[in-house]
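Undergrad: Sharing work-v3.cif, mmCIF, C-alpha atoms:
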```
data_coords
#
loop_
_atom_site.group_PDB
_atom_site.id
_atom_site.type_symbol
_atom_site.label_atom_id
_atom_site.label_comp_id
_atom_site.auth_asym_id
_atom_site.auth_seq_id
_atom_site.Cartn_x
_atom_site.Cartn_y
_atom_site.Cartn_z
ATOM 1 C CA MET A 1 -21.499 21.850 -1.041
ATOM 2 C CA HIS A 2 -18.606 20.465 -2.970
ATOM 3 C CA THR A 3 -18.656 17.250 -4.943
ATOM 4 C CA ALA A 4 -15.632 15.149 -5.809
ATOM 5 C CA PHE A 5 -15.536 12.228 -8.202
ATOM 6 C CA TRP A 6 -13.801 8.896 -7.962
ATOM 7 C CA SER A 7 -12.994 5.940 -10.150
ATOM 8 C CA THR A 8 -11.166 2.636 -9.796
ATOM 9 C CA LEU A 9 -9.098 1.137 -12.609
ATOM 10 C CA ASP A 10 -7.467 -2.263 -12.855
ATOM 11 C CA THR A 11 -3.681 -1.998 -13.183
ATOM 12 C CA LYS A 12 -0.831 -4.486 -13.416
ATOM 13 C CA ILE A 13 -0.349 -4.229 -9.646
ATOM 14 C CA GLY A 14 -3.971 -4.205 -8.589
ATOM 15 C CA PRO A 15 -6.869 -1.775 -8.422
ATOM 16 C CA PHE A 16 -5.995 1.930 -8.427
ATOM 17 C CA THR A 17 -8.504 4.503 -7.210
ATOM 18 C CA ALA A 18 -8.364 8.262 -7.681
ATOM 19 C CA VAL A 19 -10.499 10.983 -6.099
ATOM 20 C CA VAL A 20 -10.635 14.262 -8.008
ATOM 21 C CA ALA A 21 -12.139 17.667 -7.346
ATOM 22 C CA GLY A 22 -14.750 19.072 -9.713
ATOM 23 C CA ASP A 23 -12.013 20.827 -11.696
ATOM 24 C CA GLY A 24 -10.078 17.558 -12.135
ATOM 25 C CA ALA A 25 -7.316 18.105 -9.533
ATOM 26 C CA VAL A 26 -6.335 14.888 -7.732
ATOM 27 C CA LEU A 27 -7.227 14.993 -4.035
ATOM 28 C CA ALA A 28 -6.237 11.411 -3.199
ATOM 29 C CA SER A 29 -5.129 8.269 -5.007
ATOM 30 C CA GLY A 30 -3.608 4.866 -4.413
ATOM 31 C CA TRP A 31 -3.588 1.153 -5.123
ATOM 32 C CA THR A 32 -6.862 0.197 -3.516
ATOM 33 C CA GLY A 33 -10.315 -0.674 -4.737
ATOM 34 C CA ASP A 34 -11.906 0.997 -1.707
ATOM 35 C CA VAL A 35 -12.440 4.760 -1.952
ATOM 36 C CA ALA A 36 -13.048 4.775 1.818
ATOM 37 C CA GLU A 37 -9.309 4.115 2.296
ATOM 38 C CA LEU A 38 -8.544 7.377 0.480
ATOM 39 C CA THR A 39 -11.068 9.860 1.822
ATOM 40 C CA PRO A 40 -9.481 10.125 5.312
ATOM 41 C CA LEU A 41 -6.217 11.169 3.605
ATOM 42 C CA ILE A 42 -7.793 14.307 2.127
ATOM 43 C CA SER A 43 -7.138 17.483 4.114
ATOM 44 C CA PRO A 44 -10.279 18.586 5.998
ATOM 45 C CA SER A 45 -10.084 21.937 4.174
ATOM 46 C CA LEU A 46 -10.431 20.085 0.845
ATOM 47 C CA ALA A 47 -12.745 17.280 1.916
ATOM 48 C CA PRO A 48 -15.766 16.913 -0.375
ATOM 49 C CA THR A 49 -19.255 16.814 1.047
ATOM 50 C CA THR A 50 -20.346 14.401 -1.688
ATOM 51 C CA LEU A 51 -18.464 11.648 -3.534
ATOM 52 C CA THR A 52 -19.775 10.431 -6.871
ATOM 53 C CA GLU A 53 -18.395 7.461 -8.769
ATOM 54 C CA ARG A 54 -17.548 8.010 -12.421
ATOM 55 C CA ARG A 55 -16.357 5.457 -14.900
ATOM 56 C CA ASP A 56 -13.847 7.891 -16.396
ATOM 57 C CA LEU A 57 -12.063 10.863 -14.821
ATOM 58 C CA GLY A 58 -10.868 12.261 -18.148
ATOM 59 C CA PRO A 59 -7.178 13.261 -18.162
ATOM 60 C CA VAL A 60 -6.585 11.576 -14.782
ATOM 61 C CA THR A 61 -7.840 8.199 -16.018
ATOM 62 C CA ALA A 62 -5.854 8.574 -19.237
ATOM 63 C CA ALA A 63 -2.676 9.398 -17.281
ATOM 64 C CA ILE A 64 -3.106 6.389 -14.964
ATOM 65 C CA ARG A 65 -3.524 4.069 -17.949
ATOM 66 C CA ARG A 66 -0.578 5.581 -19.827
ATOM 67 C CA TYR A 67 1.680 5.405 -16.758
ATOM 68 C CA HIS A 68 0.940 1.738 -16.094
ATOM 69 C CA GLY A 69 1.329 1.082 -19.822
ATOM 70 C CA GLY A 70 4.897 2.416 -19.835
ATOM 71 C CA ASP A 71 4.707 6.216 -20.175
ATOM 72 C CA VAL A 72 6.171 6.938 -16.736
ATOM 73 C CA ASP A 73 5.940 10.714 -17.234
ATOM 74 C CA ALA A 74 2.203 10.643 -18.038
ATOM 75 C CA VAL A 75 1.203 11.739 -14.522
ATOM 76 C CA ALA A 76 3.599 14.693 -14.272
ATOM 77 C CA ASP A 77 1.237 17.365 -15.588
ATOM 78 C CA ILE A 78 -1.875 16.309 -13.677
ATOM 79 C CA GLU A 79 -2.855 18.905 -11.085
ATOM 80 C CA VAL A 80 -2.758 17.759 -7.470
ATOM 81 C CA ARG A 81 -4.309 19.560 -4.517
ATOM 82 C CA GLN A 82 -3.109 18.783 -0.977
ATOM 83 C CA ARG A 83 -3.014 20.972 2.132
ATOM 84 C CA SER A 84 -0.754 20.875 5.167
ATOM 85 C CA GLY A 85 1.973 23.016 6.694
ATOM 86 C CA PRO A 86 4.504 24.971 4.594
ATOM 87 C CA PHE A 87 7.327 22.391 4.833
ATOM 88 C CA ARG A 88 5.126 19.457 3.859
ATOM 89 C CA GLU A 89 3.458 21.278 0.952
ATOM 90 C CA HIS A 90 6.872 22.346 -0.360
ATOM 91 C CA ALA A 91 8.211 18.807 0.118
ATOM 92 C CA TRP A 92 5.330 17.417 -1.975
ATOM 93 C CA GLU A 93 6.097 19.938 -4.725
ATOM 94 C CA MET A 94 9.761 18.896 -4.695
ATOM 95 C CA LEU A 95 8.803 15.225 -4.814
ATOM 96 C CA ARG A 96 7.033 15.865 -8.112
ATOM 97 C CA LYS A 97 10.409 16.986 -9.502
ATOM 98 C CA VAL A 98 12.170 13.682 -8.741
ATOM 99 C CA PRO A 99 12.468 12.053 -12.173
ATOM 100 C CA ALA A 100 11.121 8.587 -12.847
ATOM 101 C CA GLY A 101 13.938 6.049 -12.752
ATOM 102 C CA SER A 102 16.063 8.202 -10.414
ATOM 103 C CA PRO A 103 14.976 7.462 -6.840
ATOM 104 C CA VAL A 104 16.434 9.550 -4.018
ATOM 105 C CA SER A 105 17.185 8.696 -0.399
ATOM 106 C CA TYR A 106 15.216 10.228 2.446
ATOM 107 C CA ALA A 107 18.301 12.369 3.241
ATOM 108 C CA GLU A 108 18.484 13.585 -0.371
ATOM 109 C CA TYR A 109 14.748 14.272 -0.301
ATOM 110 C CA ALA A 110 15.154 16.369 2.876
ATOM 111 C CA THR A 111 17.846 18.396 1.107
ATOM 112 C CA LEU A 112 15.649 18.855 -1.981
ATOM 113 C CA SER A 113 12.886 20.031 0.350
ATOM 114 C CA GLY A 114 15.120 22.775 1.708
ATOM 115 C CA ASN A 115 16.165 21.355 5.088
ATOM 116 C CA PRO A 116 18.922 18.711 5.006
ATOM 117 C CA SER A 117 18.516 17.987 8.723
ATOM 118 C CA ALA A 118 14.771 17.311 8.402
ATOM 119 C CA VAL A 119 15.019 13.680 7.312
ATOM 120 C CA ARG A 120 12.179 12.586 9.620
ATOM 121 C CA ALA A 121 9.977 15.449 8.420
ATOM 122 C CA ALA A 122 10.695 14.438 4.819
ATOM 123 C CA ALA A 123 9.791 10.827 5.626
ATOM 124 C CA THR A 124 6.577 12.055 7.255
ATOM 125 C CA ALA A 125 5.755 14.055 4.118
ATOM 126 C CA CYS A 126 6.005 10.805 2.147
ATOM 127 C CA ALA A 127 3.866 8.942 4.664
ATOM 128 C CA ARG A 128 1.176 11.653 4.637
ATOM 129 C CA ASN A 129 1.063 12.022 0.861
ATOM 130 C CA ALA A 130 -2.547 11.512 -0.192
ATOM 131 C CA ALA A 131 -1.908 11.514 -3.943
ATOM 132 C CA ALA A 132 0.287 8.464 -4.560
ATOM 133 C CA LEU A 133 1.617 8.127 -8.110
ATOM 134 C CA PHE A 134 0.892 11.791 -8.927
ATOM 135 C CA VAL A 135 3.136 12.848 -6.020
ATOM 136 C CA PRO A 136 5.609 9.977 -6.425
ATOM 137 C CA CYS A 137 6.537 9.125 -2.841
ATOM 138 C CA HIS A 138 7.548 5.678 -4.104
ATOM 139 C CA ARG A 139 10.678 7.357 -5.554
ATOM 140 C CA VAL A 140 12.124 7.854 -2.067
ATOM 141 C CA VAL A 141 14.169 4.943 -0.721
ATOM 142 C CA ARG A 142 16.412 4.326 2.252
ATOM 143 C CA THR A 143 20.070 5.278 2.145
ATOM 144 C CA GLY A 144 21.818 2.444 0.330
ATOM 145 C CA GLY A 145 18.794 1.787 -1.880
ATOM 146 C CA ALA A 146 16.626 -0.409 0.378
ATOM 147 C CA ILE A 147 12.947 -0.093 -0.551
ATOM 148 C CA GLY A 148 11.597 1.126 2.789
ATOM 149 C CA ASN A 149 7.927 1.457 3.638
ATOM 150 C CA PHE A 150 5.045 2.308 1.324
ATOM 151 C CA ARG A 151 1.371 2.779 2.220
ATOM 152 C CA TRP A 152 0.337 0.554 -0.697
ATOM 153 C CA GLY A 153 2.812 -2.239 0.087
ATOM 154 C CA VAL A 154 6.463 -2.983 -0.517
ATOM 155 C CA ASN A 155 5.643 -5.186 -3.530
ATOM 156 C CA ALA A 156 3.821 -2.296 -5.209
ATOM 157 C CA LYS A 157 6.750 0.059 -4.514
ATOM 158 C CA ARG A 158 9.221 -2.484 -5.888
ATOM 159 C CA TRP A 159 7.092 -2.891 -9.055
ATOM 160 C CA LEU A 160 6.849 0.898 -9.526
ATOM 161 C CA LEU A 161 10.609 1.428 -9.150
ATOM 162 C CA HIS A 162 11.362 -1.415 -11.572
ATOM 163 C CA HIS A 163 8.706 -0.144 -14.012
ATOM 164 C CA GLU A 164 10.285 3.323 -14.023
ATOM 165 C CA GLU A 165 13.840 2.022 -14.221
ATOM 166 C CA SER A 166 12.914 -0.100 -17.246
ATOM 167 C CA ALA A 167 11.149 2.724 -19.099
#
```
Written as C-alpha coordinates, how would this file's structure read?

TA:
Amino acid sequence: MHTAFWSTLDTKIGPFTAVVAGDGAVLASGWTGDVAELTPLISPSLAPTTLTERRDLGPVTAAIRRYHGGDVDAVADIEVRQRSGPFREHAWEMLRKVPAGSPVSYAEYATLSGNPSAVRAAATACARNAAALFVPCHRVVRTGGAIGNFRWGVNAKRWLLHHEESA
(Lines of atoms letter the chains of each structure in order from A and count residues from 1; the text may use other names and numbers.)
(Lines give C-alpha, C1' and ligand atoms only; values in the text may rest on other atoms or scores of the structure.)
Protein backbone atom coordinates (compact mmCIF):
# COMPACT_ATOMS: atom_id res chain seq x y z
CA MET A 1 0.00 0.00 0.00
CA HIS A 2 1.35 3.35 -0.98
CA THR A 3 -0.12 6.67 0.05
CA ALA A 4 0.30 9.93 -1.81
CA PHE A 5 -0.69 13.36 -0.57
CA TRP A 6 -2.34 16.25 -2.35
CA SER A 7 -3.08 19.89 -1.77
CA THR A 8 -4.71 22.73 -3.69
CA LEU A 9 -3.46 26.32 -3.48
CA ASP A 10 -4.99 29.49 -4.86
CA THR A 11 -2.70 31.17 -7.40
CA LYS A 12 -2.95 34.25 -9.60
CA ILE A 13 -4.23 32.07 -12.45
CA GLY A 14 -6.55 29.84 -10.48
CA PRO A 15 -6.34 26.81 -8.22
CA PHE A 16 -3.20 24.69 -8.49
CA THR A 17 -3.16 21.12 -7.19
CA ALA A 18 -0.14 18.91 -6.60
CA VAL A 19 0.03 15.19 -5.81
CA VAL A 20 3.21 14.03 -4.11
CA ALA A 21 4.62 10.67 -3.10
CA GLY A 22 5.38 9.96 0.55
CA ASP A 23 8.97 11.14 0.03
CA GLY A 24 7.78 14.47 -1.43
CA ALA A 25 8.41 13.79 -5.15
CA VAL A 26 5.75 15.34 -7.40
CA LEU A 27 3.68 12.70 -9.20
CA ALA A 28 1.20 15.08 -10.85
CA SER A 29 0.31 18.76 -10.77
CA GLY A 30 -1.66 21.39 -12.63
CA TRP A 31 -4.03 24.33 -12.55
CA THR A 32 -7.14 22.59 -11.30
CA GLY A 33 -8.99 22.38 -8.03
CA ASP A 34 -9.96 18.76 -8.72
CA VAL A 35 -7.39 16.12 -7.78
CA ALA A 36 -9.40 13.63 -9.85
CA GLU A 37 -8.18 15.44 -12.99
CA LEU A 38 -4.59 14.63 -12.02
CA THR A 39 -4.69 11.05 -10.80
CA PRO A 40 -5.27 9.52 -14.28
CA LEU A 41 -2.06 11.25 -15.44
CA ILE A 42 0.09 9.30 -12.97
CA SER A 43 1.83 6.26 -14.47
CA PRO A 44 0.17 3.02 -13.30
CA SER A 45 3.54 1.91 -11.89
CA LEU A 46 3.53 4.97 -9.59
CA ALA A 47 -0.19 5.22 -8.89
CA PRO A 48 -0.96 5.48 -5.17
CA THR A 49 -3.47 3.18 -3.56
CA THR A 50 -4.54 5.94 -1.17
CA LEU A 51 -4.74 9.72 -1.59
CA THR A 52 -4.78 11.93 1.48
CA GLU A 53 -5.37 15.67 1.43
CA ARG A 54 -2.87 17.82 3.31
CA ARG A 55 -2.99 21.53 3.83
CA ASP A 56 0.75 21.87 3.23
CA LEU A 57 3.11 19.71 1.16
CA GLY A 58 6.25 21.25 2.64
CA PRO A 59 8.88 22.21 0.03
CA VAL A 60 6.42 21.62 -2.83
CA THR A 61 3.88 24.09 -1.42
CA ALA A 62 6.64 26.60 -0.69
CA ALA A 63 7.97 26.29 -4.26
CA ILE A 64 4.51 26.78 -5.80
CA ARG A 65 3.96 29.93 -3.72
CA ARG A 66 7.43 31.30 -4.49
CA TYR A 67 7.06 30.62 -8.22
CA HIS A 68 3.71 32.38 -8.49
CA GLY A 69 5.13 35.19 -6.35
CA GLY A 70 7.93 35.87 -8.83
CA ASP A 71 10.76 33.41 -8.08
CA VAL A 72 10.47 31.54 -11.39
CA ASP A 73 13.33 29.17 -10.51
CA ALA A 74 11.73 28.05 -7.22
CA VAL A 75 10.41 24.80 -8.73
CA ALA A 76 13.67 23.70 -10.36
CA ASP A 77 15.01 21.62 -7.47
CA ILE A 78 11.78 19.84 -6.57
CA GLU A 79 11.98 16.13 -7.32
CA VAL A 80 9.55 14.82 -9.92
CA ARG A 81 8.72 11.18 -10.57
CA GLN A 82 7.16 10.15 -13.90
CA ARG A 83 7.39 6.88 -15.83
CA SER A 84 7.10 6.16 -19.53
CA GLY A 85 9.36 5.01 -22.35
CA PRO A 86 13.03 6.04 -22.61
CA PHE A 87 12.49 8.89 -25.11
CA ARG A 88 9.67 10.49 -23.13
CA GLU A 89 11.47 10.22 -19.78
CA HIS A 90 14.59 11.78 -21.31
CA ALA A 91 12.48 14.49 -22.97
CA TRP A 92 10.95 15.39 -19.59
CA GLU A 93 14.43 15.63 -18.06
CA MET A 94 15.53 17.94 -20.89
CA LEU A 95 12.42 20.08 -20.47
CA ARG A 96 13.48 20.80 -16.89
CA LYS A 97 16.66 22.35 -18.34
CA VAL A 98 14.81 24.92 -20.48
CA PRO A 99 15.34 28.17 -18.57
CA ALA A 100 12.43 30.32 -17.47
CA GLY A 101 11.99 33.23 -19.87
CA SER A 102 13.58 31.33 -22.78
CA PRO A 103 10.86 29.25 -24.44
CA VAL A 104 11.84 26.82 -27.19
CA SER A 105 9.96 25.60 -30.25
CA TYR A 106 8.77 22.02 -30.55
CA ALA A 107 11.54 21.47 -33.14
CA GLU A 108 14.17 22.85 -30.74
CA TYR A 109 12.72 20.69 -27.96
CA ALA A 110 13.01 17.58 -30.17
CA THR A 111 16.67 18.43 -30.77
CA LEU A 112 17.28 18.97 -27.04
CA SER A 113 15.66 15.58 -26.45
CA GLY A 114 18.19 13.91 -28.72
CA ASN A 115 16.15 13.35 -31.90
CA PRO A 116 15.68 16.40 -34.14
CA SER A 117 13.25 14.53 -36.40
CA ALA A 118 10.98 13.52 -33.49
CA VAL A 119 8.96 16.74 -33.31
CA ARG A 120 5.66 14.87 -32.87
CA ALA A 121 7.16 12.66 -30.16
CA ALA A 122 8.43 15.78 -28.38
CA ALA A 123 4.97 17.36 -28.62
CA THR A 124 3.48 14.15 -27.22
CA ALA A 125 5.94 14.27 -24.31
CA CYS A 126 4.60 17.75 -23.51
CA ALA A 127 1.00 16.59 -23.80
CA ARG A 128 1.61 13.58 -21.53
CA ASN A 129 3.54 15.50 -18.88
CA ALA A 130 1.80 14.87 -15.57
CA ALA A 131 3.84 17.36 -13.53
CA ALA A 132 3.02 20.76 -15.04
CA LEU A 133 5.07 23.66 -13.68
CA PHE A 134 7.74 21.33 -12.23
CA VAL A 135 8.34 19.90 -15.73
CA PRO A 136 7.70 23.17 -17.56
CA CYS A 137 5.92 22.05 -20.73
CA HIS A 138 4.51 25.58 -20.98
CA ARG A 139 7.99 26.67 -22.15
CA VAL A 140 7.51 24.92 -25.49
CA VAL A 141 5.82 27.01 -28.19
CA ARG A 142 5.17 26.67 -31.89
CA THR A 143 7.79 27.70 -34.42
CA GLY A 144 7.45 31.46 -34.78
CA GLY A 145 6.42 31.87 -31.14
CA ALA A 146 2.69 31.08 -31.27
CA ILE A 147 1.45 29.78 -27.91
CA GLY A 148 0.13 26.40 -29.03
CA ASN A 149 -1.90 24.06 -26.86
CA PHE A 150 -1.70 23.57 -23.10
CA ARG A 151 -3.65 21.10 -20.95
CA TRP A 152 -4.47 23.87 -18.46
CA GLY A 153 -5.59 26.39 -21.09
CA VAL A 154 -3.99 28.86 -23.45
CA ASN A 155 -4.64 31.77 -21.05
CA ALA A 156 -2.71 29.99 -18.29
CA LYS A 157 0.19 29.28 -20.68
CA ARG A 158 0.23 32.90 -21.84
CA TRP A 159 0.29 34.10 -18.19
CA LEU A 160 3.14 31.70 -17.32
CA LEU A 161 5.28 32.78 -20.29
CA HIS A 162 4.70 36.46 -19.51
CA HIS A 163 5.37 35.86 -15.79
CA GLU A 164 8.71 34.21 -16.60
CA GLU A 165 9.67 36.78 -19.22
CA SER A 166 9.03 39.59 -16.72
CA ALA A 167 11.03 37.99 -13.90

Undergrad: Please list as a list in words every residue within 10 Å of region 159-164 of chain A, counting only C-alpha atoms and excluding residues in the same chain fewer than 3 positions away.

TA: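 Using only C-alpha atoms, the neighbours found are Lys12, Ile13, Tyr67, His68, Gly69, Gly70, Asp71, Val72, Asp73, Pro99, Ala100, Gly101, Ser102, Pro103, Leu133, Pro136, His138, Arg139, Val140, Val141, Ile147, Val154, Asn155, Ala156 and Ala167 of chain A.
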
Undergrad: Rank A:Gly24, A:Gly85, A:Gly145, A:Gly153 by their smallest atom-to-atom distance to Gly58 (chain A), using only C-alpha atoms, and report the top residue only.

TA: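 Using only C-alpha atoms, Gly58 (chain A) sits closest to A:Gly24.
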
Undergrad: Have a look at A:Met94, A:Val26, A:Tyr106, A:Thr32 and name the one nearest to Gly14 (chain A); count only C-alpha atoms.

TA: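 Between A:Met94, A:Val26, A:Tyr106, A:Thr32, the residue approaching Gly14 (chain A) most closely is A:Thr32.
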
Undergrad: Please write the residues picked by the PyMOL selection byres ((chain A and resi 123) around 9) on this file as JSON, numbers by chain.

TA: {"A": [106, 107, 109, 110, 118, 119, 120, 121, 122, 124, 125, 126, 127, 128, 140]}

Undergrad: Calculated over all atoms listed in the file, which of the candidates A:Ala131, A:Cys137, A:Lys97, A:Ala25 has the smallest distance to Leu57 (chain A)?

TA: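 Smallest distance to Leu57 (chain A) is found for A:Ala25.
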
Undergrad: Using all atoms listed in the file, can you tell me which of A:Ala132, A:Ala74, A:Val19, A:Ala62 comes closest to Ala36 (chain A)?

TA: A:Val19

Undergrad: Report the distance between CA of Val135 (chain A) and CA of Leu95 (chain A) in Å, rounded to one decimal place.

TA: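 A separation of 6.3 Å between them.
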
Undergrad: Find the spatial neighbours of Pro48 (chain A), counting only C-alpha atoms, within a cut-off of 9 Å - ignore same-chain residues fewer than 2 positions away - and output them as a list in words.

TA: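 The contact residues come out as Met1, His2, Thr3, Ala4, Ala21, Thr39, Ile42, Pro44, Ser45, Leu46, Thr50 and Leu51 of chain A.
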
Undergrad: Residues of the last selection are to be written out with C-alpha atoms, as a PDB file, in the frame of the given file.

TA:
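Saved as again.pdb:
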```
ATOM      1  CA  MET A   1     -21.499  21.850  -1.041  1.00  0.00           C
ATOM      2  CA  HIS A   2     -18.606  20.465  -2.970  1.00  0.00           C
ATOM      3  CA  THR A   3     -18.656  17.250  -4.943  1.00  0.00           C
ATOM      4  CA  ALA A   4     -15.632  15.149  -5.809  1.00  0.00           C
ATOM      5  CA  ALA A  21     -12.139  17.667  -7.346  1.00  0.00           C
ATOM      6  CA  THR A  39     -11.068   9.860   1.822  1.00  0.00           C
ATOM      7  CA  ILE A  42      -7.793  14.307   2.127  1.00  0.00           C
ATOM      8  CA  PRO A  44     -10.279  18.586   5.998  1.00  0.00           C
ATOM      9  CA  SER A  45     -10.084  21.937   4.174  1.00  0.00           C
ATOM     10  CA  LEU A  46     -10.431  20.085   0.845  1.00  0.00           C
ATOM     11  CA  THR A  50     -20.346  14.401  -1.688  1.00  0.00           C
ATOM     12  CA  LEU A  51     -18.464  11.648  -3.534  1.00  0.00           C
TER      13      LEU A  51
END
```

Undergrad: Let me make sure I understand: among A:Arg158, A:Arg142, A:Phe87, A:Val20, which one has the smallest atom-to-atom distance to Asn115 (chain A) if we use only C-alpha atoms?

TA: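 Under the stated criterion, the closest residue is A:Phe87.
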
Undergrad: Can you put N, CA and C atoms back into region 67-89 of chain A and show it as a PDB file, keeping the file's coordinate frame?

TA:
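For reference, out17.pdb as written:
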```
ATOM      1  N   TYR A  67       0.577   5.692 -17.683  1.00  0.00           N
ATOM      2  CA  TYR A  67       1.680   5.405 -16.758  1.00  0.00           C
ATOM      3  C   TYR A  67       1.875   3.898 -16.621  1.00  0.00           C
ATOM      4  N   HIS A  68       0.820   3.182 -16.288  1.00  0.00           N
ATOM      5  CA  HIS A  68       0.940   1.738 -16.094  1.00  0.00           C
ATOM      6  C   HIS A  68       1.274   1.016 -17.393  1.00  0.00           C
ATOM      7  N   GLY A  69       0.983   1.646 -18.521  1.00  0.00           N
ATOM      8  CA  GLY A  69       1.329   1.082 -19.822  1.00  0.00           C
ATOM      9  C   GLY A  69       2.752   1.361 -20.273  1.00  0.00           C
ATOM     10  N   GLY A  70       3.493   2.178 -19.507  1.00  0.00           N
ATOM     11  CA  GLY A  70       4.897   2.416 -19.835  1.00  0.00           C
ATOM     12  C   GLY A  70       5.311   3.862 -19.979  1.00  0.00           C
ATOM     13  N   ASP A  71       4.372   4.794 -20.077  1.00  0.00           N
ATOM     14  CA  ASP A  71       4.707   6.216 -20.175  1.00  0.00           C
ATOM     15  C   ASP A  71       4.816   6.773 -18.753  1.00  0.00           C
ATOM     16  N   VAL A  72       6.002   6.620 -18.152  1.00  0.00           N
ATOM     17  CA  VAL A  72       6.171   6.938 -16.736  1.00  0.00           C
ATOM     18  C   VAL A  72       6.093   8.439 -16.430  1.00  0.00           C
ATOM     19  N   ASP A  73       6.085   9.271 -17.448  1.00  0.00           N
ATOM     20  CA  ASP A  73       5.940  10.714 -17.234  1.00  0.00           C
ATOM     21  C   ASP A  73       4.502  11.190 -17.442  1.00  0.00           C
ATOM     22  N   ALA A  74       3.586  10.285 -17.716  1.00  0.00           N
ATOM     23  CA  ALA A  74       2.203  10.643 -18.038  1.00  0.00           C
ATOM     24  C   ALA A  74       1.491  11.371 -16.905  1.00  0.00           C
ATOM     25  N   VAL A  75       1.896  11.150 -15.664  1.00  0.00           N
ATOM     26  CA  VAL A  75       1.203  11.739 -14.522  1.00  0.00           C
ATOM     27  C   VAL A  75       1.769  13.102 -14.110  1.00  0.00           C
ATOM     28  N   ALA A  76       2.871  13.500 -14.717  1.00  0.00           N
ATOM     29  CA  ALA A  76       3.599  14.693 -14.272  1.00  0.00           C
ATOM     30  C   ALA A  76       2.799  15.988 -14.384  1.00  0.00           C
ATOM     31  N   ASP A  77       1.953  16.105 -15.373  1.00  0.00           N
ATOM     32  CA  ASP A  77       1.237  17.365 -15.588  1.00  0.00           C
ATOM     33  C   ASP A  77      -0.178  17.398 -14.990  1.00  0.00           C
ATOM     34  N   ILE A  78      -0.545  16.343 -14.306  1.00  0.00           N
ATOM     35  CA  ILE A  78      -1.875  16.309 -13.677  1.00  0.00           C
ATOM     36  C   ILE A  78      -1.834  17.168 -12.412  1.00  0.00           C
ATOM     37  N   GLU A  79      -2.807  18.049 -12.270  1.00  0.00           N
ATOM     38  CA  GLU A  79      -2.855  18.905 -11.085  1.00  0.00           C
ATOM     39  C   GLU A  79      -3.209  18.087  -9.849  1.00  0.00           C
ATOM     40  N   VAL A  80      -2.527  18.399  -8.760  1.00  0.00           N
ATOM     41  CA  VAL A  80      -2.758  17.759  -7.470  1.00  0.00           C
ATOM     42  C   VAL A  80      -3.055  18.862  -6.463  1.00  0.00           C
ATOM     43  N   ARG A  81      -3.975  18.582  -5.550  1.00  0.00           N
ATOM     44  CA  ARG A  81      -4.309  19.560  -4.517  1.00  0.00           C
ATOM     45  C   ARG A  81      -4.245  18.864  -3.156  1.00  0.00           C
ATOM     46  N   GLN A  82      -3.258  19.274  -2.347  1.00  0.00           N
ATOM     47  CA  GLN A  82      -3.109  18.783  -0.977  1.00  0.00           C
ATOM     48  C   GLN A  82      -2.845  19.987  -0.070  1.00  0.00           C
ATOM     49  N   ARG A  83      -3.254  19.897   1.175  1.00  0.00           N
ATOM     50  CA  ARG A  83      -3.014  20.972   2.132  1.00  0.00           C
ATOM     51  C   ARG A  83      -2.372  20.418   3.395  1.00  0.00           C
ATOM     52  N   SER A  84      -1.424  21.194   3.914  1.00  0.00           N
ATOM     53  CA  SER A  84      -0.754  20.875   5.167  1.00  0.00           C
ATOM     54  C   SER A  84       0.050  22.105   5.561  1.00  0.00           C
ATOM     55  N   GLY A  85       1.102  21.909   6.333  1.00  0.00           N
ATOM     56  CA  GLY A  85       1.973  23.016   6.694  1.00  0.00           C
ATOM     57  C   GLY A  85       2.926  23.367   5.561  1.00  0.00           C
ATOM     58  N   PRO A  86       3.618  24.508   5.673  1.00  0.00           N
ATOM     59  CA  PRO A  86       4.504  24.971   4.594  1.00  0.00           C
ATOM     60  C   PRO A  86       5.593  23.969   4.197  1.00  0.00           C
ATOM     61  N   PHE A  87       6.266  23.338   5.183  1.00  0.00           N
ATOM     62  CA  PHE A  87       7.327  22.391   4.833  1.00  0.00           C
ATOM     63  C   PHE A  87       6.765  21.231   4.031  1.00  0.00           C
ATOM     64  N   ARG A  88       5.690  20.642   4.513  1.00  0.00           N
ATOM     65  CA  ARG A  88       5.126  19.457   3.859  1.00  0.00           C
ATOM     66  C   ARG A  88       4.635  19.791   2.447  1.00  0.00           C
ATOM     67  N   GLU A  89       3.941  20.903   2.287  1.00  0.00           N
ATOM     68  CA  GLU A  89       3.458  21.278   0.952  1.00  0.00           C
ATOM     69  C   GLU A  89       4.624  21.496  -0.004  1.00  0.00           C
TER      70      GLU A  89
END
```
